[in-house]
file work-v5.cif (mmCIF, N, CA and C atoms)
data_target
loop_
_atom_site.label_atom_id
_atom_site.label_comp_id
_atom_site.auth_asym_id
_atom_site.auth_seq_id
_atom_site.Cartn_x
_atom_site.Cartn_y
_atom_site.Cartn_z
N MET D 9 -15.67 62.76 45.93
CA MET D 9 -16.13 63.07 44.59
C MET D 9 -15.12 62.51 43.60
N SER D 10 -15.59 61.63 42.78
CA SER D 10 -14.76 61.04 41.74
C SER D 10 -15.66 60.33 40.74
N LEU D 11 -15.05 59.78 39.72
CA LEU D 11 -15.81 58.99 38.76
C LEU D 11 -16.32 57.70 39.42
N HIS D 12 -15.69 57.30 40.51
CA HIS D 12 -16.14 56.12 41.25
C HIS D 12 -17.23 56.49 42.27
N SER D 13 -17.04 57.57 42.98
CA SER D 13 -18.01 58.03 43.98
C SER D 13 -18.85 59.13 43.35
N ARG D 14 -19.94 58.73 42.71
CA ARG D 14 -20.71 59.62 41.85
C ARG D 14 -22.01 60.13 42.45
N ASP D 15 -22.29 59.89 43.71
CA ASP D 15 -23.54 60.35 44.31
C ASP D 15 -23.76 61.84 44.08
N TRP D 16 -22.69 62.62 44.11
CA TRP D 16 -22.77 64.07 43.95
C TRP D 16 -23.36 64.46 42.60
N VAL D 17 -23.05 63.72 41.54
CA VAL D 17 -23.56 64.06 40.22
C VAL D 17 -24.87 63.33 39.92
N GLU D 18 -25.08 62.20 40.56
CA GLU D 18 -26.28 61.42 40.30
C GLU D 18 -27.48 61.88 41.12
N ALA D 19 -27.25 62.69 42.14
CA ALA D 19 -28.36 63.14 43.00
C ALA D 19 -29.47 63.80 42.18
N GLY D 20 -29.12 64.64 41.25
CA GLY D 20 -30.12 65.32 40.43
C GLY D 20 -30.74 64.44 39.37
N VAL D 21 -29.98 63.50 38.86
CA VAL D 21 -30.47 62.62 37.80
C VAL D 21 -31.42 61.56 38.36
N LEU D 22 -31.15 61.12 39.57
CA LEU D 22 -31.95 60.05 40.15
C LEU D 22 -33.17 60.55 40.92
N LEU D 23 -33.33 61.86 41.01
CA LEU D 23 -34.46 62.42 41.73
C LEU D 23 -35.76 61.81 41.21
N ASN D 24 -36.63 61.45 42.12
CA ASN D 24 -37.93 60.85 41.80
C ASN D 24 -37.82 59.47 41.13
N THR D 25 -36.74 58.76 41.40
CA THR D 25 -36.60 57.38 40.94
C THR D 25 -36.38 56.51 42.17
N PRO D 26 -36.61 55.21 42.06
CA PRO D 26 -36.37 54.33 43.21
C PRO D 26 -34.91 54.36 43.69
N GLN D 27 -33.96 54.61 42.79
CA GLN D 27 -32.55 54.64 43.18
C GLN D 27 -32.19 55.85 44.04
N ALA D 28 -33.01 56.87 44.03
CA ALA D 28 -32.70 58.09 44.77
C ALA D 28 -32.59 57.84 46.28
N ALA D 29 -33.33 56.87 46.79
CA ALA D 29 -33.30 56.58 48.22
C ALA D 29 -31.93 56.12 48.69
N ALA D 30 -31.18 55.48 47.81
CA ALA D 30 -29.86 54.98 48.18
C ALA D 30 -28.75 56.01 47.96
N ASN D 31 -29.10 57.15 47.37
CA ASN D 31 -28.09 58.18 47.09
C ASN D 31 -27.85 58.99 48.36
N GLY D 32 -26.59 59.06 48.79
CA GLY D 32 -26.26 59.74 50.03
C GLY D 32 -25.91 61.21 49.92
N PHE D 33 -25.97 61.77 48.72
CA PHE D 33 -25.60 63.17 48.52
C PHE D 33 -26.87 64.01 48.46
N PRO D 34 -27.01 65.02 49.31
CA PRO D 34 -28.24 65.80 49.34
C PRO D 34 -28.51 66.53 48.02
N PHE D 35 -29.67 66.29 47.46
CA PHE D 35 -30.06 66.95 46.22
C PHE D 35 -30.04 68.46 46.42
N GLY D 36 -29.49 69.17 45.44
CA GLY D 36 -29.45 70.62 45.48
C GLY D 36 -28.14 71.20 46.00
N THR D 37 -27.27 70.35 46.53
CA THR D 37 -26.00 70.84 47.09
C THR D 37 -25.14 71.50 46.02
N LEU D 38 -24.98 70.83 44.87
CA LEU D 38 -24.17 71.41 43.79
C LEU D 38 -24.75 72.74 43.33
N GLU D 39 -26.05 72.76 43.17
CA GLU D 39 -26.71 73.96 42.70
C GLU D 39 -26.53 75.11 43.71
N PHE D 40 -26.68 74.81 44.99
CA PHE D 40 -26.49 75.82 46.03
C PHE D 40 -25.07 76.37 45.99
N CYS D 41 -24.10 75.49 45.89
CA CYS D 41 -22.69 75.93 45.85
C CYS D 41 -22.42 76.81 44.64
N ARG D 42 -22.94 76.43 43.49
CA ARG D 42 -22.75 77.24 42.29
C ARG D 42 -23.40 78.61 42.45
N GLU D 43 -24.61 78.64 42.97
CA GLU D 43 -25.34 79.89 43.12
C GLU D 43 -24.66 80.85 44.09
N HIS D 44 -23.99 80.32 45.11
CA HIS D 44 -23.37 81.14 46.14
C HIS D 44 -21.85 81.24 46.01
N GLY D 45 -21.30 80.79 44.90
CA GLY D 45 -19.87 80.91 44.66
C GLY D 45 -19.01 80.09 45.61
N ILE D 46 -19.55 78.98 46.08
CA ILE D 46 -18.81 78.11 47.00
C ILE D 46 -18.02 77.10 46.18
N GLY D 47 -16.70 77.09 46.38
CA GLY D 47 -15.84 76.16 45.65
C GLY D 47 -15.98 74.74 46.19
N LEU D 48 -15.89 73.79 45.30
CA LEU D 48 -15.96 72.38 45.67
C LEU D 48 -14.62 71.72 45.43
N GLN D 49 -14.18 70.95 46.40
CA GLN D 49 -12.94 70.18 46.27
C GLN D 49 -13.29 68.70 46.27
N ALA D 50 -12.68 67.99 45.37
CA ALA D 50 -12.95 66.56 45.22
C ALA D 50 -11.84 65.76 45.87
N TRP D 51 -12.11 65.26 47.06
CA TRP D 51 -11.17 64.37 47.73
C TRP D 51 -11.33 62.99 47.13
N GLY D 52 -10.24 62.28 46.97
CA GLY D 52 -10.31 60.93 46.38
C GLY D 52 -10.55 60.97 44.89
N ALA D 53 -10.08 62.02 44.23
CA ALA D 53 -10.35 62.23 42.81
C ALA D 53 -9.84 61.10 41.92
N LEU D 54 -8.80 60.42 42.35
CA LEU D 54 -8.24 59.32 41.54
C LEU D 54 -8.86 57.98 41.89
N ALA D 55 -9.84 57.98 42.79
CA ALA D 55 -10.62 56.78 43.14
C ALA D 55 -9.74 55.61 43.58
N GLN D 56 -8.66 55.94 44.29
CA GLN D 56 -7.76 54.92 44.83
C GLN D 56 -7.28 53.93 43.77
N GLY D 57 -7.11 54.41 42.56
CA GLY D 57 -6.58 53.58 41.48
C GLY D 57 -7.58 52.61 40.87
N ARG D 58 -8.85 52.74 41.18
CA ARG D 58 -9.85 51.80 40.66
C ARG D 58 -9.92 51.77 39.14
N PHE D 59 -9.54 52.85 38.49
CA PHE D 59 -9.60 52.90 37.03
C PHE D 59 -8.22 52.93 36.39
N THR D 60 -7.19 52.94 37.22
CA THR D 60 -5.83 53.05 36.68
C THR D 60 -4.89 51.98 37.23
N GLY D 61 -5.44 50.91 37.75
CA GLY D 61 -4.54 49.87 38.24
C GLY D 61 -5.20 48.70 38.93
N ARG D 62 -6.20 48.93 39.75
CA ARG D 62 -6.77 47.82 40.52
C ARG D 62 -8.27 47.70 40.32
N GLN D 63 -8.66 47.40 39.11
CA GLN D 63 -10.08 47.26 38.82
C GLN D 63 -10.63 46.00 39.49
N GLU D 64 -11.79 46.15 40.12
CA GLU D 64 -12.40 45.04 40.84
C GLU D 64 -13.73 44.61 40.26
N ALA D 65 -14.37 45.45 39.47
CA ALA D 65 -15.69 45.14 38.95
C ALA D 65 -15.69 45.33 37.43
N PRO D 66 -16.64 44.69 36.74
CA PRO D 66 -16.69 44.83 35.28
C PRO D 66 -16.78 46.29 34.81
N ALA D 67 -17.58 47.12 35.50
CA ALA D 67 -17.69 48.53 35.10
C ALA D 67 -16.35 49.25 35.28
N GLU D 68 -15.60 48.88 36.31
CA GLU D 68 -14.28 49.49 36.51
C GLU D 68 -13.31 49.10 35.40
N ARG D 69 -13.37 47.85 34.98
CA ARG D 69 -12.49 47.40 33.89
C ARG D 69 -12.86 48.11 32.58
N ALA D 70 -14.16 48.23 32.31
CA ALA D 70 -14.60 48.92 31.10
C ALA D 70 -14.20 50.40 31.13
N THR D 71 -14.32 51.01 32.29
CA THR D 71 -13.94 52.42 32.44
C THR D 71 -12.44 52.60 32.29
N ALA D 72 -11.67 51.68 32.85
CA ALA D 72 -10.21 51.75 32.72
C ALA D 72 -9.81 51.67 31.25
N ALA D 73 -10.46 50.80 30.50
CA ALA D 73 -10.14 50.67 29.07
C ALA D 73 -10.50 51.96 28.32
N LEU D 74 -11.65 52.54 28.65
CA LEU D 74 -12.07 53.79 28.02
C LEU D 74 -11.11 54.92 28.39
N LEU D 75 -10.72 55.01 29.65
CA LEU D 75 -9.76 56.04 30.08
C LEU D 75 -8.44 55.90 29.34
N SER D 76 -7.97 54.67 29.19
CA SER D 76 -6.72 54.44 28.47
C SER D 76 -6.82 54.89 27.02
N ARG D 77 -7.94 54.57 26.38
CA ARG D 77 -8.13 54.96 24.98
C ARG D 77 -8.18 56.48 24.86
N LEU D 78 -8.96 57.14 25.72
CA LEU D 78 -9.05 58.60 25.67
C LEU D 78 -7.70 59.25 25.95
N ALA D 79 -6.98 58.71 26.93
CA ALA D 79 -5.66 59.27 27.26
C ALA D 79 -4.71 59.16 26.08
N GLU D 80 -4.74 58.01 25.42
CA GLU D 80 -3.86 57.83 24.26
C GLU D 80 -4.25 58.81 23.14
N GLU D 81 -5.54 58.95 22.88
CA GLU D 81 -6.00 59.87 21.84
C GLU D 81 -5.60 61.31 22.15
N LYS D 82 -5.56 61.68 23.42
CA LYS D 82 -5.30 63.06 23.81
C LYS D 82 -3.85 63.31 24.22
N GLY D 83 -3.03 62.26 24.14
CA GLY D 83 -1.62 62.42 24.46
C GLY D 83 -1.35 62.70 25.92
N THR D 84 -2.08 62.04 26.79
CA THR D 84 -1.91 62.26 28.22
C THR D 84 -2.04 60.93 28.95
N THR D 85 -2.34 60.99 30.24
CA THR D 85 -2.45 59.79 31.06
C THR D 85 -3.90 59.56 31.50
N PRO D 86 -4.25 58.33 31.86
CA PRO D 86 -5.59 58.08 32.38
C PRO D 86 -5.89 58.90 33.64
N GLU D 87 -4.89 59.12 34.48
CA GLU D 87 -5.09 59.94 35.68
C GLU D 87 -5.53 61.35 35.32
N THR D 88 -4.90 61.92 34.32
CA THR D 88 -5.28 63.27 33.88
C THR D 88 -6.71 63.29 33.36
N VAL D 89 -7.09 62.27 32.60
CA VAL D 89 -8.46 62.21 32.08
C VAL D 89 -9.46 62.11 33.24
N LEU D 90 -9.12 61.35 34.28
CA LEU D 90 -9.99 61.28 35.47
C LEU D 90 -10.18 62.66 36.10
N LEU D 91 -9.10 63.40 36.21
CA LEU D 91 -9.18 64.75 36.79
C LEU D 91 -9.95 65.69 35.87
N TRP D 92 -9.74 65.57 34.58
CA TRP D 92 -10.49 66.39 33.63
C TRP D 92 -11.98 66.13 33.75
N TRP D 93 -12.35 64.87 34.01
CA TRP D 93 -13.78 64.54 34.15
C TRP D 93 -14.40 65.38 35.26
N LEU D 94 -13.72 65.49 36.38
CA LEU D 94 -14.21 66.32 37.48
C LEU D 94 -14.19 67.80 37.12
N MET D 95 -13.10 68.24 36.54
CA MET D 95 -12.91 69.66 36.23
C MET D 95 -13.88 70.15 35.15
N ARG D 96 -14.35 69.26 34.32
CA ARG D 96 -15.25 69.62 33.21
C ARG D 96 -16.66 69.93 33.70
N HIS D 97 -16.99 69.47 34.90
CA HIS D 97 -18.33 69.72 35.44
C HIS D 97 -18.51 71.22 35.65
N PRO D 98 -19.68 71.76 35.34
CA PRO D 98 -19.89 73.21 35.47
C PRO D 98 -19.78 73.77 36.88
N ALA D 99 -19.75 72.92 37.89
CA ALA D 99 -19.63 73.41 39.27
C ALA D 99 -18.22 73.89 39.60
N GLY D 100 -17.27 73.71 38.67
CA GLY D 100 -15.90 74.19 38.91
C GLY D 100 -15.18 73.40 40.00
N ILE D 101 -15.27 72.11 39.94
CA ILE D 101 -14.70 71.24 40.97
C ILE D 101 -13.17 71.25 40.88
N ALA D 102 -12.53 71.40 42.03
CA ALA D 102 -11.06 71.37 42.12
C ALA D 102 -10.65 70.01 42.70
N PRO D 103 -10.07 69.15 41.87
CA PRO D 103 -9.68 67.83 42.38
C PRO D 103 -8.46 67.92 43.30
N ILE D 104 -8.48 67.10 44.33
CA ILE D 104 -7.35 66.98 45.26
C ILE D 104 -6.67 65.65 44.97
N VAL D 105 -5.37 65.72 44.71
CA VAL D 105 -4.60 64.49 44.45
C VAL D 105 -3.92 64.12 45.76
N GLY D 106 -4.39 63.05 46.37
CA GLY D 106 -3.87 62.63 47.67
C GLY D 106 -2.91 61.48 47.55
N THR D 107 -1.74 61.75 47.04
CA THR D 107 -0.72 60.71 46.91
C THR D 107 0.65 61.31 47.21
N SER D 108 1.52 60.49 47.69
CA SER D 108 2.91 60.92 47.87
C SER D 108 3.82 60.22 46.85
N ASP D 109 3.22 59.47 45.95
CA ASP D 109 3.96 58.75 44.92
C ASP D 109 4.29 59.71 43.77
N PRO D 110 5.56 60.02 43.56
CA PRO D 110 5.94 60.96 42.50
C PRO D 110 5.43 60.55 41.11
N ALA D 111 5.35 59.26 40.83
CA ALA D 111 4.87 58.81 39.52
C ALA D 111 3.39 59.16 39.34
N ARG D 112 2.58 59.02 40.39
CA ARG D 112 1.16 59.36 40.31
C ARG D 112 0.99 60.88 40.15
N ILE D 113 1.82 61.65 40.84
CA ILE D 113 1.75 63.10 40.72
C ILE D 113 2.11 63.53 39.30
N ARG D 114 3.17 62.93 38.74
CA ARG D 114 3.56 63.24 37.35
C ARG D 114 2.45 62.86 36.38
N ALA D 115 1.74 61.76 36.66
CA ALA D 115 0.66 61.31 35.78
C ALA D 115 -0.50 62.30 35.76
N CYS D 116 -0.57 63.18 36.75
CA CYS D 116 -1.66 64.16 36.85
C CYS D 116 -1.28 65.53 36.31
N ARG D 117 -0.04 65.72 35.90
CA ARG D 117 0.44 67.08 35.60
C ARG D 117 -0.29 67.76 34.44
N ASP D 118 -0.77 67.01 33.46
CA ASP D 118 -1.46 67.66 32.34
C ASP D 118 -2.75 68.33 32.79
N ALA D 119 -3.37 67.83 33.86
CA ALA D 119 -4.59 68.46 34.37
C ALA D 119 -4.29 69.88 34.86
N ALA D 120 -3.10 70.10 35.38
CA ALA D 120 -2.71 71.44 35.85
C ALA D 120 -2.19 72.30 34.69
N ARG D 121 -1.60 71.67 33.69
CA ARG D 121 -1.01 72.41 32.58
C ARG D 121 -2.04 72.94 31.59
N ARG D 122 -3.15 72.23 31.46
CA ARG D 122 -4.17 72.63 30.50
C ARG D 122 -5.36 73.18 31.27
N PRO D 123 -5.58 74.49 31.24
CA PRO D 123 -6.63 75.08 32.07
C PRO D 123 -8.04 74.63 31.71
N THR D 124 -8.27 74.27 30.46
CA THR D 124 -9.58 73.78 30.04
C THR D 124 -9.49 72.28 29.79
N PRO D 125 -10.25 71.49 30.53
CA PRO D 125 -10.20 70.04 30.32
C PRO D 125 -10.51 69.65 28.88
N ASP D 126 -9.71 68.77 28.34
CA ASP D 126 -9.82 68.35 26.96
C ASP D 126 -10.77 67.16 26.83
N LEU D 127 -12.03 67.37 27.24
CA LEU D 127 -13.07 66.34 27.09
C LEU D 127 -14.30 66.97 26.47
N THR D 128 -14.89 66.28 25.51
CA THR D 128 -16.15 66.74 24.95
C THR D 128 -17.28 66.34 25.89
N HIS D 129 -18.46 66.91 25.67
CA HIS D 129 -19.64 66.50 26.45
C HIS D 129 -19.89 65.01 26.27
N GLU D 130 -19.79 64.55 25.03
CA GLU D 130 -20.04 63.14 24.75
C GLU D 130 -19.06 62.25 25.49
N GLU D 131 -17.77 62.60 25.50
CA GLU D 131 -16.78 61.81 26.23
C GLU D 131 -17.07 61.82 27.73
N TRP D 132 -17.46 63.00 28.26
CA TRP D 132 -17.78 63.12 29.68
C TRP D 132 -18.91 62.17 30.06
N TYR D 133 -20.00 62.21 29.29
CA TYR D 133 -21.15 61.36 29.58
C TYR D 133 -20.83 59.88 29.34
N THR D 134 -20.01 59.58 28.36
CA THR D 134 -19.63 58.19 28.11
C THR D 134 -18.83 57.65 29.29
N LEU D 135 -17.92 58.45 29.83
CA LEU D 135 -17.18 58.01 31.02
C LEU D 135 -18.14 57.77 32.18
N TRP D 136 -19.07 58.68 32.38
CA TRP D 136 -20.03 58.56 33.48
C TRP D 136 -20.86 57.29 33.34
N THR D 137 -21.44 57.07 32.17
CA THR D 137 -22.31 55.90 32.02
C THR D 137 -21.52 54.60 32.04
N THR D 138 -20.30 54.62 31.55
CA THR D 138 -19.46 53.42 31.61
C THR D 138 -19.12 53.09 33.06
N ALA D 139 -18.78 54.09 33.84
CA ALA D 139 -18.46 53.85 35.26
C ALA D 139 -19.69 53.38 36.03
N ARG D 140 -20.86 53.86 35.67
CA ARG D 140 -22.10 53.42 36.32
C ARG D 140 -22.36 51.94 36.05
N GLY D 141 -22.01 51.50 34.85
CA GLY D 141 -22.30 50.12 34.47
C GLY D 141 -23.72 49.92 33.99
N THR D 142 -24.52 50.99 34.03
CA THR D 142 -25.91 50.97 33.54
C THR D 142 -26.21 52.31 32.90
N PRO D 143 -27.17 52.33 31.98
CA PRO D 143 -27.52 53.62 31.36
C PRO D 143 -28.15 54.57 32.38
N LEU D 144 -28.15 55.83 32.06
CA LEU D 144 -28.84 56.81 32.88
C LEU D 144 -30.35 56.60 32.74
N PRO D 145 -31.10 56.90 33.81
CA PRO D 145 -32.56 56.71 33.73
C PRO D 145 -33.20 57.66 32.74
#

call {"tool": "encode", "arguments": {"input": "work-v5.cif", "output": "structure tokens"}}
result
Amino acid sequence: MSLHSRDWVEAGVLLNTPQAAANGFPFGTLEFCREHGIGLQAWGALAQGRFTGRQEAPAERATAALLSRLAEEKGTTPETVLLWWLMRHPAGIAPIVGTSDPARIRACRDAARRPTPDLTHEEWYTLWTTARGTPLP
């Protein structure tokens, strides 16, 4: 679960569209977890640096630029904004930072320091659609 691996959030949006067949996340999983108080952990939350260092596709480059701008506006790091994107989802997702690099861990510290992610709905959706590289259906 990350801004790069979005099947979990797109499962409900793509329902009854041709793209739904390619989505590997079972529709209704998020809703079931929320209804039954099951916590979700996001492994790979930093997307292996795809938005903070090694962009490979045009959508990744555009998302990296947006993350940098948002981070600068909010006085934090792009890594923190990535984590806030996950944490802002109503399912209460707990991101897992899988790195042993002290610099990457420090770059994520604002996500732990600020209990409420500092992203508006508009910023959240803009990050999502930018990472998709196409508008939502």

call {"tool": "select_by_dssp", "arguments": {"input": "work-v5.cif", "residues": "chain D", "states": "strand (DSSP E)", "output": "ChimeraX atom specification"}}
result
/D:49-50,102-103

call {"tool": "resolve_selection", "arguments": {"input": "work-v5.cif", "expression": "the PyMOL selection byres ((chain D and resi 112-124) around 8)", "output": "count of residues only"}}
result
19

call {"tool": "closest_residue", "arguments": {"input": "work-v5.cif", "among": "D:Ala67, D:Leu48, D:Ala72, D:Ala55", "to": "D:Gly100", "atoms": "only N, CA and C atoms"}}
result
D:Leu48

call {"tool": "closest_residue", "arguments": {"input": "work-v5.cif", "among": "D:Leu90, D:Leu78, D:Glu130, D:Gln49", "to": "D:Leu11", "atoms": "only N, CA and C atoms"}}
result
D:Leu90

call {"tool": "select_by_dssp", "arguments": {"input": "work-v5.cif", "residues": "stretch 33-80 of chain D", "states": "alpha helix (DSSP H)", "output": "PyMOL selection string"}}
result
chain D and resi 37-43+66-80

call {"tool": "residues_around", "arguments": {"input": "work-v5.cif", "residues": "D:Trp51", "least_positions_apart": "5", "cutoff": "6 Å", "atoms": "all atoms listed in the file", "output": "list in words"}}
result
Met9, Pro103 and Ile104 of chain D

call {"tool": "closest_residue", "arguments": {"input": "work-v5.cif", "among": "D:Gly52, D:Pro98, D:Gly57, D:Gly20", "to": "D:Phe35", "atoms": "all atoms listed in the file"}}
result
D:Gly20

call {"tool": "resolve_selection", "arguments": {"input": "work-v5.cif", "expression": "the PyMOL selection byres ((chain D and resi 59) around 7)", "output": "PyMOL selection string"}}
result
chain D and resi 54-58+60-63+68-69+71-73+86

call {"tool": "residues_around", "arguments": {"input": "work-v5.cif", "residues": "D:Gly36", "least_positions_apart": "3", "cutoff": "7 Å", "atoms": "all atoms listed in the file", "output": "list in words"}}
result
Ala19, Gly20, Phe33, Glu39, Phe40 and Cys41 of chain D

call {"tool": "write_last_selection", "arguments": {"input": "work-v5.cif", "atoms": "N, CA and C atoms", "output": "compact mmCIF listing (two decimals), in the frame of the given file"}}
result
# COMPACT_ATOMS: atom_id res chain seq x y z
N ALA D 19 -27.25 62.69 42.14
CA ALA D 19 -28.36 63.14 43.00
C ALA D 19 -29.47 63.80 42.18
N GLY D 20 -29.12 64.64 41.25
CA GLY D 20 -30.12 65.32 40.43
C GLY D 20 -30.74 64.44 39.37
N PHE D 33 -25.97 61.77 48.72
CA PHE D 33 -25.60 63.17 48.52
C PHE D 33 -26.87 64.01 48.46
N GLU D 39 -26.05 72.76 43.17
CA GLU D 39 -26.71 73.96 42.70
C GLU D 39 -26.53 75.11 43.71
N PHE D 40 -26.68 74.81 44.99
CA PHE D 40 -26.49 75.82 46.03
C PHE D 40 -25.07 76.37 45.99
N CYS D 41 -24.10 75.49 45.89
CA CYS D 41 -22.69 75.93 45.85
C CYS D 41 -22.42 76.81 44.64

call {"tool": "atom_distance", "arguments": {"input": "work-v5.cif", "atom1": "atom C of D:Glu80", "atom2": "atom CA of D:Thr142"}}
result
25.3 Å

call {"tool": "residues_around", "arguments": {"input": "work-v5.cif", "residues": "D:Glu131", "least_positions_apart": "6", "cutoff": "10 Å", "atoms": "only C-alpha atoms", "output": "MDAnalysis selection string"}}
result
chainID D and resid 74:75 78 93 137

call {"tool": "atom_distance", "arguments": {"input": "work-v5.cif", "atom1": "atom CA of D:Arg140", "atom2": "atom CA of D:Pro34"}}
result
19.0 Å

call {"tool": "closest_residue", "arguments": {"input": "work-v5.cif", "among": "D:Gly83, D:Val21, D:Arg14, D:Ala102", "to": "D:Pro145", "atoms": "all atoms listed in the file"}}
result
D:Val21

call {"tool": "atom_distance", "arguments": {"input": "work-v5.cif", "atom1": "atom CA of D:Ala30", "atom2": "atom N of D:Glu18"}}
result
11.5 Å

call {"tool": "closest_residue", "arguments": {"input": "work-v5.cif", "among": "D:Leu144, D:Pro26, D:Ala50, D:Ala139", "to": "D:Ala70", "atoms": "all atoms listed in the file"}}
result
D:Ala139
